[in-house]
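Peer 1: target21.txt is reproduced below (compact mmCIF, C-alpha atoms and all ligand atoms).
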```
# COMPACT_ATOMS: atom_id res chain seq x y z
CA MET X 1 -73.24 96.56 39.09
CA GLU X 2 -71.35 99.74 38.44
CA ASP X 3 -67.79 101.02 38.27
CA CYS X 4 -65.54 99.65 40.95
CA GLY X 5 -63.92 103.08 40.99
CA ASP X 6 -61.03 102.29 43.23
CA PRO X 7 -58.77 99.47 42.16
CA CYS X 8 -60.06 96.28 43.66
CA ILE X 9 -58.02 93.16 44.27
CA LYS X 10 -60.54 90.90 42.57
CA CYS X 11 -60.45 92.88 39.31
CA GLU X 12 -56.70 93.15 39.51
CA GLU X 13 -56.42 89.38 39.80
CA LEU X 14 -58.62 88.76 36.78
CA LEU X 15 -57.32 91.60 34.67
CA GLN X 16 -53.76 90.40 34.21
CA PRO X 17 -54.54 86.85 33.02
CA TYR X 18 -57.31 88.31 30.88
CA VAL X 19 -54.86 90.67 29.19
CA ASP X 20 -52.51 87.73 28.70
CA ARG X 21 -55.30 85.42 27.45
CA GLU X 22 -54.61 82.95 30.20
CA LEU X 23 -58.11 82.54 31.64
CA THR X 24 -60.20 79.42 31.28
CA ASP X 25 -63.38 79.88 29.23
CA GLU X 26 -65.42 80.12 32.38
CA GLU X 27 -63.16 82.74 33.94
CA ARG X 28 -63.04 84.66 30.69
CA ILE X 29 -66.83 84.86 30.57
CA GLU X 30 -66.80 86.12 34.14
CA ALA X 31 -64.18 88.73 33.31
CA GLU X 32 -66.00 89.88 30.18
CA ALA X 33 -69.28 90.16 32.07
CA HIS X 34 -67.55 92.43 34.54
CA LEU X 35 -65.82 94.51 31.86
CA ALA X 36 -69.14 95.02 30.08
CA LEU X 37 -70.55 96.65 33.19
CA CYS X 38 -67.57 98.36 34.72
CA GLY X 39 -66.20 101.32 32.78
CA TYR X 40 -63.25 101.63 35.10
CA CYS X 41 -61.97 98.10 34.54
CA ALA X 42 -62.77 98.27 30.82
CA ARG X 43 -60.57 101.35 30.45
CA ARG X 44 -57.85 99.73 32.50
CA TYR X 45 -58.04 96.60 30.40
CA ARG X 46 -57.69 98.57 27.17
CA PHE X 47 -54.79 100.50 28.60
CA GLU X 48 -52.93 97.44 29.89
CA SER X 49 -53.35 95.62 26.56
CA THR X 50 -52.21 98.63 24.59
CA LEU X 51 -49.22 99.13 26.85
CA ARG X 52 -48.24 95.48 26.49
CA ARG X 53 -48.41 95.72 22.70
CA TYR X 54 -46.46 98.96 22.77
CA VAL X 55 -43.70 97.51 24.96
CA ARG X 56 -43.31 94.66 22.50
CA LYS X 57 -43.21 97.08 19.59
CA CYS X 58 -40.50 99.15 21.30
CA CYS X 59 -38.36 96.03 21.63
CA GLU X 60 -38.53 94.98 18.01
CA GLU X 61 -34.97 94.93 16.88
CA GLN X 62 -33.21 93.16 14.06
CA MET X 63 -30.28 90.99 14.92
CA PRO X 64 -27.00 92.40 13.55
CA VAL X 65 -25.98 90.68 10.31
CA GLU X 66 -22.57 89.77 11.72
CA LEU X 67 -24.18 87.94 14.61
CA LYS X 68 -26.43 86.03 12.25
CA GLU X 69 -23.37 84.97 10.30
CA LYS X 70 -21.60 83.84 13.44
CA LEU X 71 -24.60 81.71 14.34
CA LEU X 72 -24.73 80.17 10.88
CA ALA X 73 -21.05 79.30 11.27
CA LEU X 74 -21.84 77.28 14.39
CA ARG X 75 -23.75 74.74 12.33
CA THR X 76 -22.35 71.33 11.58
CA PRO X 77 -20.48 71.68 8.29
CA LEU X 78 -22.16 69.88 5.40
CA LEU X 79 -20.02 67.05 4.09
CA MET T 1 -23.67 52.01 -9.22
CA THR T 2 -24.95 49.07 -7.22
CA GLU T 3 -23.57 49.75 -3.80
CA PRO T 4 -23.72 47.07 -1.16
CA GLU T 5 -26.40 47.58 1.52
CA PRO T 6 -24.95 50.15 3.92
CA GLU T 7 -24.23 48.75 7.30
CA THR T 8 -26.68 49.58 10.04
CA ALA T 9 -24.11 51.68 11.88
CA ALA T 10 -23.35 53.76 8.80
CA ARG T 11 -27.02 54.31 8.17
CA ARG T 12 -27.54 55.32 11.75
CA ILE T 13 -24.72 57.86 11.51
CA ALA T 14 -26.12 59.30 8.31
CA GLY T 15 -29.57 59.51 9.87
CA GLU T 16 -28.19 61.23 12.90
CA ALA T 17 -26.34 63.77 10.77
CA ARG T 18 -29.58 64.56 8.95
CA ASP T 19 -31.45 64.96 12.25
CA ARG T 20 -28.75 67.18 13.56
CA ILE T 21 -28.74 69.42 10.52
CA ARG T 22 -32.51 69.65 10.63
CA PHE T 23 -32.34 70.47 14.34
CA GLU T 24 -29.86 73.28 13.71
CA GLU T 25 -31.99 74.77 10.94
CA ASP T 26 -35.08 74.65 13.15
CA ALA T 27 -33.28 76.22 16.09
CA LEU T 28 -31.89 79.04 13.96
CA GLN T 29 -35.39 80.07 12.97
CA TYR T 30 -35.81 81.43 16.49
CA ALA T 31 -32.59 83.44 16.43
CA ASP T 32 -34.29 86.81 16.03
CA GLN T 33 -36.60 86.12 18.96
CA VAL T 34 -33.71 84.86 21.07
CA TYR T 35 -31.77 88.01 20.28
CA ARG T 36 -34.69 90.32 21.05
CA VAL T 37 -35.18 88.75 24.46
CA ALA T 38 -31.43 88.61 25.17
CA ARG T 39 -31.20 92.34 24.45
CA ARG T 40 -33.60 93.05 27.31
CA LEU T 41 -32.02 90.59 29.73
CA VAL T 42 -28.53 92.05 29.73
CA PRO T 43 -27.33 95.64 29.80
CA SER T 44 -25.43 95.98 26.54
CA ARG T 45 -25.67 94.93 22.92
CA GLU T 46 -22.27 93.21 23.15
CA GLU T 47 -23.37 91.11 26.09
CA ALA T 48 -26.59 90.22 24.30
CA GLU T 49 -24.62 89.07 21.26
CA ASP T 50 -22.35 86.94 23.44
CA LEU T 51 -25.34 85.47 25.21
CA VAL T 52 -27.02 84.54 21.92
CA GLN T 53 -23.85 82.93 20.62
CA ASP T 54 -23.35 81.00 23.85
CA THR T 55 -26.96 79.89 23.73
CA TYR T 56 -26.62 78.47 20.23
CA THR T 57 -23.24 76.94 20.97
CA ARG T 58 -24.70 75.09 23.93
CA ALA T 59 -27.90 74.20 22.07
CA PHE T 60 -26.01 72.70 19.16
CA ARG T 61 -23.71 70.83 21.49
CA SER T 62 -26.52 69.34 23.54
CA TRP T 63 -28.99 68.83 20.71
CA ARG T 64 -29.48 65.20 21.68
CA SER T 65 -31.11 66.26 24.93
CA PHE T 66 -33.90 67.93 22.97
CA THR T 67 -36.92 65.65 22.64
CA GLN T 68 -38.43 65.79 19.16
CA GLY T 69 -41.99 67.00 19.17
CA THR T 70 -41.59 69.11 22.31
CA ASN T 71 -41.40 72.90 22.40
CA MET T 72 -38.07 73.84 20.85
CA ARG T 73 -38.57 77.55 21.39
CA ALA T 74 -39.07 77.02 25.13
CA TRP T 75 -36.09 74.65 25.20
CA LEU T 76 -33.84 77.30 23.62
CA PHE T 77 -35.03 80.01 25.95
CA ARG T 78 -34.38 77.78 28.90
CA ILE T 79 -30.75 77.52 27.80
CA LEU T 80 -30.67 81.29 27.35
CA THR T 81 -32.04 82.11 30.79
CA ASN T 82 -29.88 79.49 32.51
CA LEU T 83 -26.75 80.85 30.85
CA ASN T 84 -27.77 84.34 31.83
CA ILE T 85 -28.24 83.30 35.45
CA ASP T 86 -24.88 81.47 35.35
CA ARG T 87 -23.21 84.67 34.27
CA GLY T 88 -23.15 85.58 37.91
CA ARG T 89 -25.79 88.25 38.05
CA ARG T 90 -28.32 87.81 40.86
CA ASN T 91 -28.10 88.79 44.47
CA GLN T 92 -30.02 91.86 43.60
CA ARG T 93 -32.06 93.54 46.23
CA THR T 94 -35.72 93.61 45.34
CA PRO T 95 -37.55 96.80 46.08
CA ASP T 96 -40.18 96.78 48.79
CA LEU T 97 -43.64 96.23 47.45
CA GLN T 98 -46.10 98.97 48.11
CA PRO T 99 -49.75 98.07 48.47
CA ILE T 100 -51.95 98.58 45.43
CA GLU T 101 -52.85 102.18 45.56
CA GLU T 102 -53.18 105.23 43.44
CA GLY T 103 -49.54 105.01 42.41
CA ASP T 104 -50.34 101.98 40.32
CA TYR T 105 -52.75 103.92 38.20
CA PHE T 106 -50.61 106.97 38.10
CA LEU T 107 -49.24 106.30 34.64
CA TYR T 108 -52.68 105.63 33.28
CA ASN T 109 -54.16 108.74 34.82
CA ARG T 110 -51.18 110.84 33.95
CA LEU T 111 -51.17 109.86 30.28
CA GLU T 112 -54.92 110.25 30.02
CA GLU T 113 -54.75 113.78 31.40
CA THR T 114 -52.34 114.82 28.71
CA GLY T 115 -54.99 114.16 26.07
CA GLY T 116 -55.31 111.87 23.11
CA SER T 117 -58.49 109.96 22.53
CA GLU T 118 -57.26 106.48 21.72
CA ASP T 119 -55.12 104.42 24.05
CA GLU T 120 -52.61 103.99 21.23
CA GLN T 121 -52.14 107.76 21.00
CA VAL T 122 -51.89 107.98 24.75
CA VAL T 123 -49.28 105.25 25.05
CA GLU T 124 -47.25 106.44 22.10
CA LYS T 125 -46.31 109.53 24.06
CA LEU T 126 -43.83 107.23 25.73
CA SER T 127 -40.63 107.13 23.74
CA GLN T 128 -39.09 103.88 22.61
CA ASP T 129 -35.90 104.70 24.50
CA GLY T 130 -37.96 105.46 27.55
CA VAL T 131 -39.61 102.05 27.44
CA VAL T 132 -36.24 100.32 26.98
CA GLN T 133 -34.78 102.27 29.92
CA ALA T 134 -37.77 101.50 32.10
CA LEU T 135 -37.43 97.79 31.32
CA ALA T 136 -33.76 97.90 32.29
CA ALA T 137 -34.70 99.36 35.66
CA ILE T 138 -36.78 96.31 36.62
CA PRO T 139 -34.89 93.89 38.93
CA HIS T 140 -33.83 90.67 37.17
CA ASP T 141 -36.26 88.21 38.66
CA PHE T 142 -39.23 90.29 37.62
CA ARG T 143 -37.75 91.35 34.33
CA ASP T 144 -37.01 87.76 33.25
CA VAL T 145 -40.67 86.89 33.53
CA LEU T 146 -41.93 90.09 31.96
CA VAL T 147 -39.55 89.79 29.02
CA LEU T 148 -40.47 86.14 28.39
CA VAL T 149 -44.21 86.82 28.50
CA ASP T 150 -44.43 90.27 26.94
CA ILE T 151 -41.62 90.16 24.41
CA GLY T 152 -41.09 86.42 23.97
CA GLU T 153 -44.87 85.89 23.99
CA PHE T 154 -44.63 82.77 26.10
CA SER T 155 -47.58 81.45 28.07
CA TYR T 156 -47.40 81.48 31.86
CA ARG T 157 -46.89 77.73 31.75
CA ASP T 158 -43.96 77.93 29.34
CA ALA T 159 -42.38 80.80 31.27
CA ALA T 160 -42.70 78.73 34.45
CA GLN T 161 -40.93 75.81 32.79
CA ILE T 162 -38.21 77.94 31.28
CA LEU T 163 -37.40 79.61 34.59
CA ASP T 164 -38.15 76.53 36.68
CA ILE T 165 -40.54 78.35 38.98
CA PRO T 166 -44.22 77.74 39.80
CA ILE T 167 -46.93 79.38 37.66
CA GLY T 168 -48.12 81.36 40.67
CA THR T 169 -44.66 82.88 40.92
CA VAL T 170 -44.75 83.75 37.21
CA MET T 171 -48.01 85.59 37.76
CA SER T 172 -46.89 87.48 40.83
CA ARG T 173 -43.52 88.43 39.34
CA LEU T 174 -45.18 89.52 36.13
CA HIS T 175 -47.63 91.67 38.03
CA ARG T 176 -44.90 93.19 40.11
CA GLY T 177 -42.60 93.67 37.10
CA ARG T 178 -45.32 95.49 35.19
CA ARG T 179 -46.04 97.68 38.19
CA ILE T 180 -42.39 98.64 38.40
CA LEU T 181 -42.39 99.31 34.65
CA LYS T 182 -45.43 101.58 34.91
CA HIS T 183 -43.91 103.31 37.89
CA GLU T 184 -40.72 104.00 35.92
CA LEU T 185 -42.68 105.22 32.92
CA ALA T 186 -44.81 107.45 35.11
CA GLU T 187 -41.70 109.06 36.53
CA GLN T 188 -40.45 109.74 33.02
CA ALA T 189 -43.82 111.20 32.06
CA VAL T 190 -43.68 113.53 35.04
CA GLY T 191 -40.11 114.48 34.20
CA GLN T 192 -41.13 115.42 30.67
CA ALA T 193 -44.14 117.42 31.77
CA SER T 194 -42.30 119.55 34.30
ZN ZN B 201 -64.40 96.79 37.73
```
Would you kindly transcribe this structure into structure tokens?
Peer 2:
Amino acid sequence: MEDCGDPCIKCEELLQPYVDRELTDEERIEAEAHLALCGYCARRYRFESTLRRYVRKCCEEQMPVELKEKLLALRTPLL
Amino acid sequence: MTEPEPETAARRIAGEARDRIRFEEDALQYADQVYRVARRLVPSREEAEDLVQDTYTRAFRSWRSFTQGTNMRAWLFRILTNLNIDRGRRNQRTPDLQPIEEGDYFLYNRLEETGGSEDEQVVEKLSQDGVVQALAAIPHDFRDVLVLVDIGEFSYRDAAQILDIPIGTVMSRLHRGRRILKHELAEQAVGQAS
């Protein structure tokens, strides 16, 4: 087996759940066997995972203190 | 000091108050995550704050409908997404889907060309604002799924339950949402380069 080169539907279908750790053990082994042999998919996998992590990092944001206080005020008052 | 045995009803009320207080404390532990996701679901910070407050107001009011031992985080996010849908958004046109082609890999190729050896270095050429803007450009249905999975870190199964859609739909919307995201980011990258 060698690089798929052009994007192939099969890889595309496996890649996303692999990135998201949603494959069954059996499927994961299949995906990893392919990634070990296919440089193209391996690069794509690394890129997709990195992009996912980066998107999450870009969205890290602390809740404003005032909002936190408003939420605390919604609690049932202690007797 | 020797009180008479409390009546069953009184004990039940006290027990319920304890459960309720515990429930509220538990729910508030997810507030930062709820806020982070809300920020990406609606256009402005003010709307996100309102949405978070409404979510907790409703959650606290309907706490009895939460089944102990089930996934509280998913339960809260279900309230959040339902409230967001109720806010009368929707009816958005979804862009036509192009077949998988070079365009899909454009961002990857484009960023690789500009140098940087590690994927981290490559990806970090995208600005934080750029990523936030690109997320905002994704139509709601796709964005909801992407935000729950990528920012909320929910499994496909949980995202399906929260949004009340089949898992297959989660997967296809996620795929499409990420493609739109990459497309938006690629356009920004081109804009910067030229
Ligand atoms: Zn391949």
Peer 1: Could you please tell me, as a ChimeraX atom specification, which residues of chain X have an atom within 10 Å of chain T when using all atoms listed in the file?
Peer 2: /X:6-9,12-13,16-17,20-22,43-44,46-64,66-68,70-72,74-79
Peer 1: Can you work out which residues are within 6 Å of ligand ZN 201 (chain B), considering all atoms listed in the file, and then hand them over as a list in words?
Peer 2: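 Counting all atoms listed in the file, the residues within 6 Å of ligand ZN 201 (chain B) come out as Asp3, Cys4, Cys11, Cys38, Tyr40 and Cys41 of chain X.
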Peer 1: Between CA of Leu107 in chain T and CA of Phe142 in chain T, measure the distance and give it in Å to one decimal.
Peer 2: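 Calculated distance between CA of Leu107 in chain T and CA of Phe142 in chain T is 19.1 Å.
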Peer 1: List as a list in words the protein and nucleic acid residues near Glu30 in chain X, meaning an atom at most 12 Å away when only C-alpha atoms are counted, but skip any in the same chain fewer than 4 places from it.
Peer 2: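 Everything that qualifies: Lys10, Cys11, Leu14, Leu15, Tyr18, Leu23, Thr24, Asp25, Glu26, His34, Leu35, Ala36 and Leu37 of chain X.
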Peer 1: So that I have them on file, write out the residues from the current selection with C-alpha atoms, as a CSV table (one decimal), in the coordinates of the input.
Peer 2:
```csv
chain,number,residue,atom,x,y,z
X,10,LYS,CA,-60.5,90.9,42.6
X,11,CYS,CA,-60.4,92.9,39.3
X,14,LEU,CA,-58.6,88.8,36.8
X,15,LEU,CA,-57.3,91.6,34.7
X,18,TYR,CA,-57.3,88.3,30.9
X,23,LEU,CA,-58.1,82.5,31.6
X,24,THR,CA,-60.2,79.4,31.3
X,25,ASP,CA,-63.4,79.9,29.2
X,26,GLU,CA,-65.4,80.1,32.4
X,34,HIS,CA,-67.6,92.4,34.5
X,35,LEU,CA,-65.8,94.5,31.9
X,36,ALA,CA,-69.1,95.0,30.1
X,37,LEU,CA,-70.6,96.6,33.2
```
Peer 1: List the spatial neighbours of Asp164 in chain T as an mmCIF file with C-alpha atoms, keeping the file's coordinate frame - criterion: any atom at most 10 Å away, only C-alpha atoms, same-chain residues fewer than 5 positions off excluded.
Peer 2:
```
data_model
loop_
_atom_site.group_PDB
_atom_site.id
_atom_site.type_symbol
_atom_site.label_atom_id
_atom_site.label_comp_id
_atom_site.auth_asym_id
_atom_site.auth_seq_id
_atom_site.Cartn_x
_atom_site.Cartn_y
_atom_site.Cartn_z
ATOM 1 C CA ARG T 78 -34.380 77.780 28.900
ATOM 2 C CA ASN T 82 -29.880 79.490 32.510
ATOM 3 C CA ASP T 158 -43.960 77.930 29.340
ATOM 4 C CA ALA T 159 -42.380 80.800 31.270
ATOM 5 C CA VAL T 170 -44.750 83.750 37.210
#
```
Peer 1: Using CA of Gln188 in chain T and CA of Arg110 in chain T as the two end points, give the distance in Å to one decimal.
Peer 2: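 Computing the Euclidean distance for CA of Gln188 in chain T and CA of Arg110 in chain T yields 10.8 Å.
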Peer 1: To one decimal place in Å, what is the distance between CA of Thr169 in chain T and CA of Asp144 in chain T?
Peer 2: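 Answer for the CA of Thr169 in chain T to CA of Asp144 in chain T separation: 11.9 Å.
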Peer 1: Centre and edge lengths, as lines of an AutoDock Vina configuration file, for the axis-aligned box enclosing every listed atom of range 57-69 of chain X with 8 Å of padding on each of the six sides, in Å to one decimal?
Peer 2:
```
center_x = -32.9
center_y = 92.1
center_z = 16.0
size_x = 36.6
size_y = 30.2
size_z = 27.3
```
